[in-house]
file final-v4.txt (compact mmCIF, C-alpha atoms)
# COMPACT_ATOMS: atom_id res chain seq x y z
CA MET A 1391 19.23 -84.52 47.46
CA SER A 1392 19.07 -81.54 49.78
CA GLY A 1393 18.73 -77.78 49.53
CA GLN A 1394 16.84 -74.89 51.03
CA GLY A 1395 14.80 -73.55 48.13
CA PRO A 1396 11.23 -74.40 47.25
CA ILE A 1397 10.30 -77.82 45.89
CA VAL A 1398 8.07 -77.79 42.80
CA ILE A 1399 5.90 -80.80 41.96
CA VAL A 1400 4.65 -80.94 38.38
CA GLY A 1401 1.51 -83.04 37.98
CA GLY A 1402 -1.51 -83.47 40.24
CA GLY A 1403 -2.06 -87.19 39.88
CA HIS A 1404 -1.97 -89.69 42.71
CA ALA A 1405 1.85 -89.71 42.88
CA GLY A 1406 2.09 -85.90 42.97
CA ALA A 1407 -0.56 -85.59 45.67
CA GLN A 1408 1.07 -88.30 47.81
CA LEU A 1409 4.47 -86.66 47.48
CA CYS A 1410 2.98 -83.31 48.45
CA ALA A 1411 1.35 -84.82 51.56
CA GLY A 1412 4.56 -86.66 52.44
CA LEU A 1413 6.68 -83.50 52.17
CA VAL A 1414 4.24 -81.50 54.26
CA ALA A 1415 4.29 -84.23 56.92
CA ALA A 1416 8.11 -84.24 56.85
CA ALA A 1417 8.06 -80.54 57.86
CA LEU A 1418 11.22 -79.65 55.96
CA GLY A 1419 10.77 -75.94 56.38
CA ARG A 1420 10.84 -75.58 52.58
CA GLN A 1421 8.00 -74.33 50.45
CA VAL A 1422 6.22 -76.97 48.36
CA HIS A 1423 4.44 -75.93 45.15
CA LEU A 1424 2.25 -78.23 43.11
CA VAL A 1425 1.50 -77.34 39.50
CA CYS A 1426 -1.06 -79.29 37.47
CA GLU A 1427 -3.40 -78.95 34.51
CA GLU A 1428 -6.53 -79.82 36.47
CA VAL A 1429 -8.65 -77.02 37.90
CA ASP A 1430 -9.45 -78.97 41.07
CA LEU A 1431 -7.11 -79.67 43.93
CA PRO A 1432 -5.43 -83.07 43.84
CA TYR A 1433 -7.54 -85.68 45.54
CA GLN A 1434 -7.76 -89.38 46.06
CA ARG A 1435 -8.62 -90.53 42.59
CA PRO A 1436 -8.91 -94.31 42.44
CA PRO A 1437 -12.46 -94.72 43.79
CA LEU A 1438 -13.73 -91.74 41.85
CA SER A 1439 -12.28 -92.79 38.53
CA LYS A 1440 -13.54 -96.31 38.97
CA SER A 1441 -17.11 -95.63 40.03
CA PHE A 1442 -18.27 -92.50 38.24
CA LEU A 1443 -18.12 -93.82 34.72
CA LYS A 1444 -21.11 -95.17 32.85
CA ASN A 1445 -21.87 -96.69 29.48
CA PRO A 1446 -18.82 -98.19 27.68
CA ASP A 1447 -17.12 -100.26 24.93
CA VAL A 1448 -13.38 -101.06 23.45
CA GLY A 1449 -10.44 -102.76 25.18
CA GLY A 1450 -10.20 -105.90 27.28
CA GLY A 1451 -7.84 -104.47 29.88
CA PHE A 1452 -8.65 -103.44 33.46
CA ILE A 1453 -10.28 -100.12 32.57
CA GLY A 1454 -12.43 -101.48 29.75
CA LEU A 1455 -13.62 -104.45 31.81
CA GLU A 1456 -14.29 -102.41 34.97
CA VAL A 1457 -16.48 -100.02 33.04
CA ALA A 1458 -18.14 -102.80 31.03
CA ALA A 1459 -18.95 -104.78 34.19
CA THR A 1460 -20.41 -101.68 35.86
CA ALA A 1461 -22.54 -100.95 32.81
CA ARG A 1462 -23.68 -104.57 32.68
CA ALA A 1463 -24.69 -104.37 36.34
CA LEU A 1464 -26.79 -101.33 35.40
CA GLY A 1465 -28.54 -103.46 32.81
CA LYS A 1466 -26.85 -101.94 29.75
CA GLU A 1467 -25.95 -103.89 26.63
CA VAL A 1468 -22.16 -103.98 26.45
CA GLU A 1469 -19.76 -105.41 23.97
CA VAL A 1470 -16.05 -105.56 24.69
CA LEU A 1471 -13.77 -105.61 21.65
CA GLU A 1472 -10.22 -106.78 22.21
CA SER A 1473 -7.48 -107.12 19.60
CA ALA A 1474 -5.41 -109.59 21.64
CA PRO A 1475 -6.31 -113.30 21.65
CA ARG A 1476 -7.32 -113.07 25.32
CA LEU A 1477 -8.37 -110.57 27.99
CA LEU A 1478 -5.93 -108.79 30.30
CA MET A 1479 -2.96 -109.84 28.19
CA ARG A 1480 -0.53 -107.39 29.82
CA SER A 1481 -1.43 -107.99 33.43
CA VAL A 1482 -2.70 -111.44 34.40
CA SER A 1483 -2.10 -115.13 33.70
CA PRO A 1484 -4.00 -116.99 30.95
CA GLU A 1485 -5.92 -119.02 33.58
CA LEU A 1486 -7.14 -115.93 35.38
CA ALA A 1487 -8.02 -114.25 32.08
CA GLU A 1488 -10.10 -117.29 31.11
CA HIS A 1489 -11.97 -117.19 34.43
CA VAL A 1490 -12.66 -113.47 34.02
CA LEU A 1491 -13.94 -114.09 30.49
CA GLN A 1492 -16.33 -116.82 31.65
CA VAL A 1493 -17.72 -114.74 34.53
CA HIS A 1494 -18.32 -111.72 32.30
CA ARG A 1495 -19.94 -113.78 29.55
CA ALA A 1496 -22.19 -115.43 32.12
CA SER A 1497 -23.31 -111.94 33.21
CA GLY A 1498 -24.48 -111.22 29.67
CA MET A 1499 -21.48 -109.17 28.55
CA HIS A 1500 -20.54 -109.74 24.94
CA VAL A 1501 -16.80 -110.20 24.53
CA ARG A 1502 -15.03 -110.57 21.19
CA LEU A 1503 -11.34 -111.42 21.18
CA GLY A 1504 -8.74 -111.06 18.43
CA VAL A 1505 -10.75 -108.50 16.49
CA ALA A 1506 -9.47 -105.58 14.40
CA VAL A 1507 -11.28 -102.31 15.08
CA GLY A 1508 -11.18 -99.29 12.76
CA GLY A 1509 -13.24 -97.36 10.23
CA PHE A 1510 -14.71 -94.84 12.64
CA GLU A 1511 -17.75 -93.21 11.07
CA VAL A 1512 -18.51 -89.78 12.46
CA ALA A 1513 -21.55 -87.62 11.66
CA GLY A 1514 -21.43 -84.11 13.10
CA ASP A 1515 -19.76 -84.55 16.46
CA ARG A 1516 -21.13 -88.03 17.08
CA LEU A 1517 -19.63 -91.40 16.38
CA GLN A 1518 -22.15 -93.47 14.42
CA ALA A 1519 -20.39 -96.70 13.65
CA LEU A 1520 -17.10 -98.50 13.47
CA ALA A 1521 -15.75 -101.45 11.56
CA VAL A 1522 -15.06 -104.65 13.46
CA ASN A 1523 -13.07 -107.10 11.34
CA GLY A 1524 -14.18 -105.00 8.38
CA VAL A 1525 -17.89 -105.31 9.18
CA ARG A 1526 -19.80 -102.10 9.92
CA GLN A 1527 -21.29 -102.00 13.39
CA GLU A 1528 -23.43 -99.19 14.81
CA VAL A 1529 -22.61 -97.85 18.27
CA ASP A 1530 -24.37 -95.56 20.75
CA MET A 1531 -21.30 -94.86 22.78
CA LEU A 1532 -17.69 -95.95 22.64
CA LEU A 1533 -15.14 -96.13 25.41
CA LEU A 1534 -11.52 -96.58 24.42
CA GLY A 1535 -9.59 -98.36 27.15
CA ILE A 1536 -6.55 -99.19 25.09
CA GLY A 1537 -3.65 -98.27 27.29
CA ALA A 1538 -1.46 -95.29 27.99
CA VAL A 1539 1.89 -94.01 26.83
CA PRO A 1540 4.07 -92.00 29.19
CA GLU A 1541 3.91 -88.23 28.66
CA HIS A 1542 7.50 -87.10 28.86
CA ALA A 1543 7.55 -84.11 26.50
CA LEU A 1544 8.40 -81.77 29.38
CA ALA A 1545 11.09 -84.14 30.65
CA THR A 1546 12.62 -84.39 27.19
CA GLN A 1547 12.62 -80.59 26.89
CA ALA A 1548 14.45 -80.44 30.20
CA GLY A 1549 17.07 -82.76 28.76
CA LEU A 1550 16.19 -85.78 30.92
CA ALA A 1551 17.01 -89.24 29.66
CA CYS A 1552 13.78 -91.00 28.61
CA ASP A 1553 13.09 -94.47 27.26
CA ASN A 1554 9.58 -95.83 27.74
CA GLY A 1555 9.21 -93.25 30.51
CA ILE A 1556 11.51 -90.95 32.41
CA ILE A 1557 14.57 -92.92 33.46
CA VAL A 1558 15.13 -92.85 37.22
CA ASP A 1559 17.43 -94.69 39.59
CA GLU A 1560 16.28 -96.57 42.73
CA HIS A 1561 16.06 -93.21 44.57
CA MET A 1562 13.79 -91.69 41.89
CA ARG A 1563 16.58 -89.43 40.62
CA THR A 1564 16.51 -88.59 36.93
CA SER A 1565 19.61 -87.91 34.83
CA ASP A 1566 19.49 -84.34 36.22
CA PRO A 1567 20.49 -84.33 39.91
CA ALA A 1568 18.02 -81.52 40.69
CA ILE A 1569 15.01 -83.39 39.28
CA LEU A 1570 13.18 -86.46 40.58
CA ALA A 1571 10.38 -88.29 38.78
CA ILE A 1572 7.74 -90.66 40.23
CA GLY A 1573 4.61 -92.55 39.23
CA ASP A 1574 3.29 -94.01 35.96
CA CYS A 1575 5.75 -91.95 33.88
CA THR A 1576 8.95 -93.48 35.31
CA SER A 1577 11.13 -96.28 34.06
CA PHE A 1578 12.88 -97.63 37.15
CA PRO A 1579 15.23 -100.52 37.93
CA GLU A 1580 13.47 -103.49 39.53
CA ALA A 1581 15.09 -104.18 42.91
CA THR A 1582 15.91 -107.86 42.44
CA SER A 1583 16.70 -108.16 38.73
CA GLY A 1584 17.75 -104.62 37.88
CA ARG A 1585 15.68 -104.81 34.70
CA ARG A 1586 13.78 -101.65 33.81
CA LEU A 1587 10.09 -101.51 34.57
CA ARG A 1588 7.32 -98.99 34.12
CA LEU A 1589 4.19 -99.61 36.19
CA GLU A 1590 0.82 -97.89 36.02
CA SER A 1591 -0.59 -98.51 39.47
CA VAL A 1592 -1.67 -96.82 42.68
CA GLN A 1593 0.84 -98.87 44.70
CA ASN A 1594 3.69 -97.68 42.48
CA ALA A 1595 2.57 -94.04 42.81
CA ASN A 1596 2.28 -94.32 46.61
CA ASP A 1597 5.56 -96.10 47.19
CA GLN A 1598 7.61 -94.04 44.75
CA ALA A 1599 6.27 -90.90 46.45
CA LYS A 1600 7.57 -92.26 49.78
CA VAL A 1601 11.00 -92.96 48.27
CA ALA A 1602 11.09 -89.44 46.81
CA VAL A 1603 10.27 -87.94 50.21
CA GLY A 1604 13.21 -89.94 51.62
CA THR A 1605 15.52 -88.77 48.86
CA LEU A 1606 14.50 -85.14 49.45
CA THR A 1607 14.87 -85.36 53.22
CA GLY A 1608 18.19 -87.18 53.30
CA ASN A 1609 16.67 -90.48 54.45
CA ASP A 1610 17.62 -92.29 51.28
CA ALA A 1611 16.13 -95.74 50.92
CA PRO A 1612 15.99 -97.50 47.55
CA TYR A 1613 12.70 -98.39 45.90
CA LYS A 1614 12.04 -102.07 46.41
CA ALA A 1615 8.34 -102.24 47.24
CA LEU A 1616 6.43 -105.31 46.11
CA PRO A 1617 4.17 -104.39 43.17
CA TRP A 1618 0.49 -105.07 43.73
CA PHE A 1619 -2.64 -104.24 41.78
CA TRP A 1620 -6.33 -104.64 42.03
CA SER A 1621 -9.36 -104.45 39.80
CA GLU A 1622 -13.06 -104.59 40.67
CA GLN A 1623 -15.20 -105.92 37.84
CA GLY A 1624 -18.77 -106.61 38.80
CA SER A 1625 -18.74 -109.63 41.11
CA LEU A 1626 -14.98 -110.10 40.65
CA ARG A 1627 -12.47 -108.67 43.09
CA LEU A 1628 -9.10 -109.32 41.49
CA GLN A 1629 -5.92 -108.73 43.48
CA MET A 1630 -2.44 -109.39 42.17
CA ALA A 1631 0.84 -109.34 44.11
CA GLY A 1632 4.29 -109.58 42.59
CA LEU A 1633 5.07 -109.60 38.88
CA MET A 1634 3.99 -112.53 36.75
CA PRO A 1635 6.97 -114.65 35.73
CA ALA A 1636 7.27 -115.67 32.08
CA ASP A 1637 8.43 -119.15 33.01
CA GLY A 1638 6.46 -119.84 36.19
CA VAL A 1639 4.46 -122.85 37.31
CA ARG A 1640 0.97 -122.09 38.61
CA HIS A 1641 -0.75 -123.77 41.54
CA ARG A 1642 -4.39 -123.20 42.46
CA ARG A 1643 -5.38 -122.55 46.06
CA PRO A 1644 -9.15 -122.88 46.62
CA GLY A 1645 -10.83 -120.00 48.42
CA ALA A 1646 -13.40 -120.01 51.21
CA ALA A 1647 -16.30 -119.68 48.75
CA PRO A 1648 -16.86 -121.51 45.45
CA THR A 1649 -16.35 -118.21 43.60
CA SER A 1650 -12.99 -117.51 45.21
CA PHE A 1651 -9.50 -118.87 44.59
CA SER A 1652 -5.88 -117.85 44.25
CA LEU A 1653 -3.25 -118.78 41.70
CA LEU A 1654 0.23 -119.04 43.20
CA HIS A 1655 3.10 -118.68 40.76
CA TYR A 1656 6.39 -120.39 41.44
CA VAL A 1657 9.73 -120.27 39.69
CA GLY A 1658 11.52 -123.37 40.85
CA ASP A 1659 10.59 -123.65 44.52
CA ARG A 1660 10.26 -119.89 44.95
CA LEU A 1661 6.89 -118.14 45.22
CA VAL A 1662 7.08 -115.04 42.98
CA SER A 1663 3.54 -113.87 42.40
CA ALA A 1664 -0.07 -114.46 43.44
CA GLU A 1665 -3.40 -113.70 41.79
CA SER A 1666 -6.51 -113.80 43.95
CA VAL A 1667 -10.17 -113.78 42.99
CA ASN A 1668 -12.57 -112.74 45.76
CA ALA A 1669 -9.98 -113.85 48.31
CA PRO A 1670 -8.58 -110.69 49.92
CA ALA A 1671 -7.26 -112.44 53.02
CA ASP A 1672 -5.20 -114.81 50.88
CA HIS A 1673 -4.01 -111.84 48.80
CA MET A 1674 -2.82 -110.03 51.93
CA ALA A 1675 -1.11 -113.19 53.18
CA ALA A 1676 0.56 -113.71 49.79
CA ARG A 1677 1.85 -110.14 49.85
CA LYS A 1678 3.41 -110.71 53.25
CA LEU A 1679 4.95 -114.00 52.11
CA LEU A 1680 6.38 -112.35 49.01
CA GLU A 1681 7.75 -109.39 50.99
CA ALA A 1682 9.38 -111.78 53.47
CA ARG A 1683 10.56 -113.99 50.58
CA ARG A 1684 8.96 -117.01 52.11
CA SER A 1685 7.95 -119.85 49.82
CA PRO A 1686 5.81 -122.56 51.40
CA ALA A 1687 5.81 -125.73 49.32
CA PRO A 1688 2.97 -125.54 46.77
CA GLN A 1689 1.07 -128.57 48.12
CA LEU A 1690 1.01 -126.97 51.58
CA ALA A 1691 0.20 -123.47 50.31
CA CYS A 1692 -2.72 -124.88 48.30
CA ASP A 1693 -4.26 -126.79 51.21
CA PRO A 1694 -7.46 -124.88 51.99
CA ALA A 1695 -7.46 -126.33 55.51
CA ARG A 1696 -4.36 -124.26 56.29
CA PRO A 1697 -4.74 -120.46 56.30
CA LEU A 1698 -2.15 -118.97 53.95
CA LYS A 1699 -1.19 -116.51 56.66
CA SER A 1700 -0.06 -119.40 58.87
CA PHE A 1701 3.07 -119.62 56.68
CA ILE A 1702 4.15 -116.01 57.30
CA MET B 443 -21.21 -80.62 57.87
CA PRO B 444 -20.83 -83.51 60.31
CA THR B 445 -17.61 -83.55 62.30
CA ILE B 446 -15.32 -86.41 63.21
CA ARG B 447 -12.98 -86.48 66.20
CA PHE B 448 -9.87 -88.52 65.48
CA ILE B 449 -7.79 -89.50 68.50
CA GLN B 450 -4.13 -90.41 67.95
CA THR B 451 -2.38 -93.06 70.04
CA ASP B 452 -0.64 -90.27 72.01
CA GLY B 453 -4.05 -88.87 72.97
CA SER B 454 -3.94 -85.82 70.71
CA THR B 455 -7.22 -85.10 68.94
CA HIS B 456 -8.11 -83.67 65.56
CA GLU B 457 -11.58 -82.40 64.79
CA LEU B 458 -12.36 -82.62 61.08
CA SER B 459 -15.51 -81.86 59.15
CA ALA B 460 -16.68 -84.16 56.37
CA SER B 461 -19.28 -83.65 53.66
CA GLU B 462 -22.28 -85.94 53.97
CA GLY B 463 -21.84 -89.03 51.85
CA THR B 464 -18.04 -88.91 51.90
CA SER B 465 -16.07 -91.37 53.99
CA ALA B 466 -14.23 -90.80 57.25
CA MET B 467 -11.08 -91.93 55.39
CA GLN B 468 -11.53 -89.18 52.78
CA ALA B 469 -11.86 -86.55 55.51
CA ALA B 470 -8.63 -87.81 57.11
CA MET B 471 -6.72 -87.93 53.82
CA GLY B 472 -8.00 -84.50 52.77
CA ALA B 473 -6.64 -83.05 56.00
CA GLY B 474 -3.35 -84.93 55.74
CA LEU B 475 -4.03 -86.69 59.04
CA GLN B 476 -1.13 -88.89 60.13
CA GLY B 477 -2.06 -92.49 60.91
CA ILE B 478 -4.37 -93.19 57.96
CA VAL B 479 -2.58 -94.55 54.89
CA ALA B 480 -5.46 -95.60 52.62
CA GLU B 481 -3.25 -97.29 50.04
CA CYS B 482 -6.11 -98.44 47.85
CA GLY B 483 -8.01 -95.17 47.93
CA GLY B 484 -11.23 -96.50 49.40
CA SER B 485 -11.93 -99.81 47.71
CA ALA B 486 -11.70 -102.00 50.86
CA MET B 487 -8.67 -103.69 49.31
CA CYS B 488 -5.80 -102.88 51.68
CA ALA B 489 -6.83 -102.46 55.35
CA THR B 490 -4.57 -99.41 55.81
CA CYS B 491 -7.34 -97.04 56.93
CA HIS B 492 -8.15 -99.16 59.99
CA ILE B 493 -9.64 -97.32 62.98
CA TYR B 494 -11.31 -98.20 66.27
CA VAL B 495 -14.78 -96.70 66.65
CA ASP B 496 -15.41 -95.27 70.10
CA GLU B 497 -17.66 -97.69 71.98
CA ASP B 498 -20.42 -95.10 72.34
CA TRP B 499 -20.63 -94.92 68.56
CA ALA B 500 -19.88 -98.47 67.46
CA ASP B 501 -23.53 -99.61 67.51
CA ARG B 502 -24.70 -96.64 65.45
CA LEU B 503 -22.86 -97.71 62.33
CA PRO B 504 -24.28 -100.12 59.76
CA ALA B 505 -22.69 -103.56 60.15
CA PRO B 506 -19.65 -104.18 57.95
CA LEU B 507 -20.21 -105.97 54.64
CA ALA B 508 -18.43 -109.21 53.79
CA ASN B 509 -15.53 -107.54 51.94
CA GLU B 510 -14.83 -105.21 54.87
CA LEU B 511 -15.02 -108.10 57.33
CA GLU B 512 -12.51 -110.06 55.33
CA MET B 513 -10.07 -107.15 55.14
CA LEU B 514 -10.43 -106.55 58.88
CA GLU B 515 -8.72 -109.91 59.33
CA CYS B 516 -5.67 -108.39 57.67
CA THR B 517 -5.08 -105.27 59.79
CA ALA B 518 -1.51 -104.51 60.88
CA SER B 519 -2.66 -103.54 64.40
CA GLU B 520 -4.77 -105.83 66.54
CA ARG B 521 -8.33 -106.28 65.39
CA LEU B 522 -10.82 -105.37 68.13
CA PRO B 523 -14.63 -105.72 68.17
CA THR B 524 -14.77 -101.97 67.38
CA SER B 525 -12.37 -102.22 64.41
CA ARG B 526 -13.60 -100.78 61.11
CA LEU B 527 -12.17 -99.55 57.85
CA SER B 528 -12.67 -95.78 57.78
CA CYS B 529 -13.19 -95.86 54.00
CA GLN B 530 -16.43 -97.76 54.62
CA ILE B 531 -17.82 -95.25 57.15
CA LYS B 532 -20.07 -92.94 55.15
CA MET B 533 -20.63 -89.67 56.99
CA SER B 534 -24.14 -88.39 57.72
CA ALA B 535 -25.82 -86.01 60.13
CA ALA B 536 -26.50 -89.00 62.40
CA LEU B 537 -22.75 -89.50 62.78
CA ASP B 538 -22.01 -85.87 63.68
CA GLY B 539 -19.40 -85.92 66.44
CA ILE B 540 -18.30 -89.55 65.94
CA VAL B 541 -15.07 -90.45 67.74
CA LEU B 542 -12.53 -92.62 65.91
CA ARG B 543 -9.28 -93.83 67.45
CA LEU B 544 -6.22 -94.48 65.32
CA PRO B 545 -4.28 -97.72 65.67
CA ALA B 546 -0.54 -97.87 66.42
CA THR B 547 0.33 -98.84 62.86
CA GLN B 548 -1.31 -99.45 59.48
CA GLN B 549 1.50 -101.40 57.78
call {"tool": "encode", "arguments": {"input": "final-v4.txt", "output": "structure tokens"}}
result
Amino acid sequence: MSGQGPIVIVGGGHAGAQLCAGLVAAALGRQVHLVCEEVDLPYQRPPLSKSFLKNPDVGGGFIGLEVAATARALGKEVEVLESAPRLLMRSVSPELAEHVLQVHRASGMHVRLGVAVGGFEVAGDRLQALAVNGVRQEVDMLLLGIGAVPEHALATQAGLACDNGIIVDEHMRTSDPAILAIGDCTSFPEATSGRRLRLESVQNANDQAKVAVGTLTGNDAPYKALPWFWSEQGSLRLQMAGLMPADGVRHRRPGAAPTSFSLLHYVGDRLVSAESVNAPADHMAARKLLEARRSPAPQLACDPARPLKSFI
Amino acid sequence: MPTIRFIQTDGSTHELSASEGTSAMQAAMGAGLQGIVAECGGSAMCATCHIYVDEDWADRLPAPLANELEMLECTASERLPTSRLSCQIKMSAALDGIVLRLPATQQ
């Protein structure tokens, strides 16, 4: 996509800010405007959003657990209520979810799984209580960390094709050739399978911004970055690389410390995803292996005597 | 506000000011400085804000914590004794004028 007129970015989230910086660095000689609802300039949000919050409650996903773990570390009583039968249902393997559950319970966090939450009781402008499995429970403060839906009202008004997000191709082009879309709101084709994905992650925002800069500057390169995620929950540093296969076989690689390990996921003899707990070096090595499509045999990759990066 | 002098691999320098308590990485990102990627936004999770601290300044920084040390093993450019993650360098009056050199690549 080329042209001479100004480029307008709508939205001041991480993706919008990264695109803005990338376009400025590309020195196109075109004006770049960024329009957003926030009153502050776009900034680097991840550390801010993950460390400024205090005093939580509902949802056993990343956000709910990050806040709950922080509150627990501050000595607060916390109870996490999750409707699914396990934690982190959308994002991690059952084994990792079980480990996370045990660590949080050992820290004194109360976690209830498979519960139905409703019956919000409000007096004045304060929430007083809610019903958990039909039983009234008083609360001081409630945090809802129950997921996000893509906001594509503006895209729909503009006539863009949307289905669980704004539909884009591998160059971030929407159904209108003059409009690109990037970040959490996009439904894009996965590079290897072609199946449509929508990811809510910093990596996805960063890398889609780079692809959009390429598309706008005539250096078209398709989006094929390896997805990776992280979550800091109290003493747990979780890092995930690649997308969890539905039909994978998991192998456990011990970490350097008793509290660290990685789960390597294979489909057949191919490494497709890795989950690391307090093992950032193994996470980085796994990312490089996945990017290079290298698959060391599981018994070798799980030998703690051999650094994972020796297989790159 | 304390200032930071970033030196690019081609020798060009950029003098940036940083609020006390913010990180050297944040100052670089705020100014759109080329050479710092900061993929993870300051959580010591990605090693893409790697810098070399000028030798005159290296001893004046608090020693890296375990998580920074582990990520320093994963830098794209060679790790040197003066290697640090700029997201873990908290600016203060004592660091006014610190000199940080950028590596050849972050990824």
call {"tool": "atom_distance", "arguments": {"input": "final-v4.txt", "atom1": "CA of Gly1632 in chain A", "atom2": "CA of His1404 in chain A"}}
result
20.9 Å
call {"tool": "interface_residues", "arguments": {"input": "final-v4.txt", "of": "chain B", "to": "chain A", "cutoff": "9 Å", "atoms": "all atoms listed in the file", "output": "PyMOL selection string"}}
result
chain B and resi 468+471-472+474-476+481-485+487-488+509+512-516
call {"tool": "residues_around", "arguments": {"input": "final-v4.txt", "residues": "range 525-530 of chain B", "least_positions_apart": "5", "cutoff": "9 Å", "atoms": "only C-alpha atoms", "output": "list in words"}}
result
Thr464, Ser465, Ala466, Met467, Gln468, Ala470, Ile478, Ala480, Gly483, Gly484, Ser485, Ala486, Ala489, Thr490, Cys491, His492, Ile493, Tyr494, Val495, Ala500, Pro506, Glu510, Leu511, Met513, Leu514, Glu520 and Leu542 of chain B
call {"tool": "atom_distance", "arguments": {"input": "final-v4.txt", "atom1": "CA of Glu462 in chain B", "atom2": "CA of Leu507 in chain B"}}
result
20.1 Å
call {"tool": "residues_near_point", "arguments": {"input": "final-v4.txt", "point": "(-6.4, -101.9, 23.4)", "cutoff": "12 Å", "atoms": "all atoms listed in the file", "output": "ChimeraX atom specification"}}
result
/A:1447-1455,1470-1480,1503-1508,1533-1539
call {"tool": "closest_residue", "arguments": {"input": "final-v4.txt", "among": "A:Arg1420, A:Arg1502, A:Lys1466, A:His1489", "to": "Thr1649 in chain A", "atoms": "all atoms listed in the file"}}
result
A:His1489
call {"tool": "residues_around", "arguments": {"input": "final-v4.txt", "residues": "His1494 in chain A", "least_positions_apart": "6", "cutoff": "12 Å", "atoms": "all atoms listed in the file", "output": "NGL selection string"}}
result
:A and (1450 or 1455-1463 or 1468-1470 or 1477 or 1487-1488 or 1500-1502 or 1623-1626)
call {"tool": "build_atoms", "arguments": {"input": "final-v4.txt", "residues": "range 507-524 of chain B", "atoms": "N, CA and C atoms", "output": "compact mmCIF listing (two decimals), keeping the file's coordinate frame"}}
result
# COMPACT_ATOMS: atom_id res chain seq x y z
N LEU B 507 -19.89 -104.98 55.67
CA LEU B 507 -20.21 -105.97 54.64
C LEU B 507 -19.10 -107.02 54.59
N ALA B 508 -19.36 -108.07 53.82
CA ALA B 508 -18.43 -109.21 53.79
C ALA B 508 -17.01 -108.79 53.40
N ASN B 509 -16.89 -107.89 52.38
CA ASN B 509 -15.53 -107.54 51.94
C ASN B 509 -14.77 -106.76 53.01
N GLU B 510 -15.49 -105.92 53.77
CA GLU B 510 -14.83 -105.21 54.87
C GLU B 510 -14.43 -106.18 55.97
N LEU B 511 -15.32 -107.11 56.29
CA LEU B 511 -15.02 -108.10 57.33
C LEU B 511 -13.77 -108.90 57.00
N GLU B 512 -13.66 -109.26 55.72
CA GLU B 512 -12.51 -110.06 55.33
C GLU B 512 -11.21 -109.25 55.44
N MET B 513 -11.27 -107.97 55.03
CA MET B 513 -10.07 -107.15 55.14
C MET B 513 -9.71 -106.85 56.59
N LEU B 514 -10.72 -106.82 57.46
CA LEU B 514 -10.43 -106.55 58.88
C LEU B 514 -9.60 -107.67 59.50
N GLU B 515 -9.59 -108.83 58.85
CA GLU B 515 -8.72 -109.91 59.33
C GLU B 515 -7.26 -109.65 58.99
N CYS B 516 -7.02 -108.63 58.20
CA CYS B 516 -5.67 -108.39 57.67
C CYS B 516 -5.06 -107.10 58.21
N THR B 517 -5.60 -106.55 59.28
CA THR B 517 -5.08 -105.27 59.79
C THR B 517 -3.70 -105.47 60.42
N ALA B 518 -2.87 -104.43 60.31
CA ALA B 518 -1.51 -104.51 60.88
C ALA B 518 -1.55 -104.42 62.41
N SER B 519 -2.48 -103.61 62.95
CA SER B 519 -2.66 -103.54 64.40
C SER B 519 -3.78 -104.50 64.80
N GLU B 520 -3.80 -104.83 66.07
CA GLU B 520 -4.77 -105.83 66.54
C GLU B 520 -6.21 -105.48 66.14
N ARG B 521 -6.92 -106.49 65.70
CA ARG B 521 -8.33 -106.28 65.39
C ARG B 521 -9.13 -106.40 66.68
N LEU B 522 -9.96 -105.37 66.95
CA LEU B 522 -10.82 -105.37 68.13
C LEU B 522 -12.27 -105.42 67.65
N PRO B 523 -13.21 -105.70 68.58
CA PRO B 523 -14.63 -105.72 68.17
C PRO B 523 -15.08 -104.39 67.55
N THR B 524 -14.39 -103.29 67.90
CA THR B 524 -14.77 -101.97 67.38
C THR B 524 -13.98 -101.59 66.13
